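The structure appears below as structure tokens.
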Amino acid sequence: LRVAVVGKQCFTGGIRAAVGAGPVDWRHPQAQGGDWEPWSLDPEIVVQLTTLVGELGLVYGGVDLIVQPDGRVVFLEVNSFGEWGMLEHSLGLPVGDALAGALLEAV
């Protein structure tokens, strides 16, 4: 999963990567098991991610997560410059508008 965390909002998309097939880098088109899909995070995870990004003093954080076959969600990283355009382009999620709004509030 890629989660674009903007303030208290999370915009989430996922790719069903084929295990053991294709290159290691999931961003490469051949590694993808399909297109980006919308994903709903558990509200507790939303609170954890928005708290983390806030505690780090960030307006935005690109978070990578893995959903295990048993449904367990594993945190990988948060990146202050993480890519979010694919979530907006492929899923229509308003990440750019949310970022603009958050940055204007900070002024």
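Here's how to read the names in the structure tokens: chain A, B, ... by the order shown, residue numbers from 1 in each chain, ligand numbers from 1 in the order shown.
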
> Which residues, written as a list in words, have at least one atom at most 12 Å from Trp84 (chain A), with only C-alpha atoms counted and residues fewer than 6 positions away on the same chain left out?
Replying inline: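 Listed by chain and then number, they are Leu1, Arg2, Val3, Ala4, Val5, Val6, Cys10, Phe11, Thr12, Gly13, Gly14, Trp36, Tyr60, Gly61, Gly62, Val63, Asp64, Ser90, Leu91, Gly92, Leu93, Pro94, Val95, Gly96, Asp97, Ala98 and Leu99 of chain A.
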
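In the backbone-derived DSSP annotation, strand (DSSP E) within chain A comprises Arg2, Val3, Ala4, Val5, Val6, Gln9, Cys10, Phe11, Thr12, Gly13, Gly14, Glu37, Pro38, Tyr60, Gly61, Gly62, Val63, Asp64, Leu65, Ile66, Val67, Val73, Val74, Phe75, Leu76, Glu77, Val78 and Asn79 of chain A.
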
> Among region 15-105 of chain A, which residues carry a DSSP assignment of alpha helix (DSSP H), reported as an MDAnalysis selection string?
Replying inline: chainID A and resid 43:55 85:91 95:105

>> Give me, as an NGL selection string, all polymer residues having an atom no more than 6 Å from Leu65 (chain A), counting only C-alpha atoms and skipping those fewer than 5 positions away in the same chain.
In response: :A and (1 or 74-76)

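Using only C-alpha atoms for every distance, the candidate list A:Gln9, A:Val53, A:Glu37, A:Ala17 yields A:Glu37 as the residue closest to His89 (chain A).
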
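Distances from A:Val107, A:Val78, A:Ala100, A:Ile15 to Leu56 (chain A) were compared using only C-alpha atoms, and the smallest one belongs to A:Val78.
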
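Restricting the calculation to only C-alpha atoms, the smallest distance between Asp42 (chain A) and any of A:Gly57, A:Arg72, A:Glu83, A:Glu105 is found for A:Arg72.
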
> Which of these residues is nearest to Glu77 (chain A), using only C-alpha atoms: A:Ala102, A:Leu52, A:Lys8, A:Val46?
Replying inline: A:Leu52

> Separation of CA of Ala106 (chain A) and CA of Val59 (chain A), in Å?
Replying inline: 8.7 Å
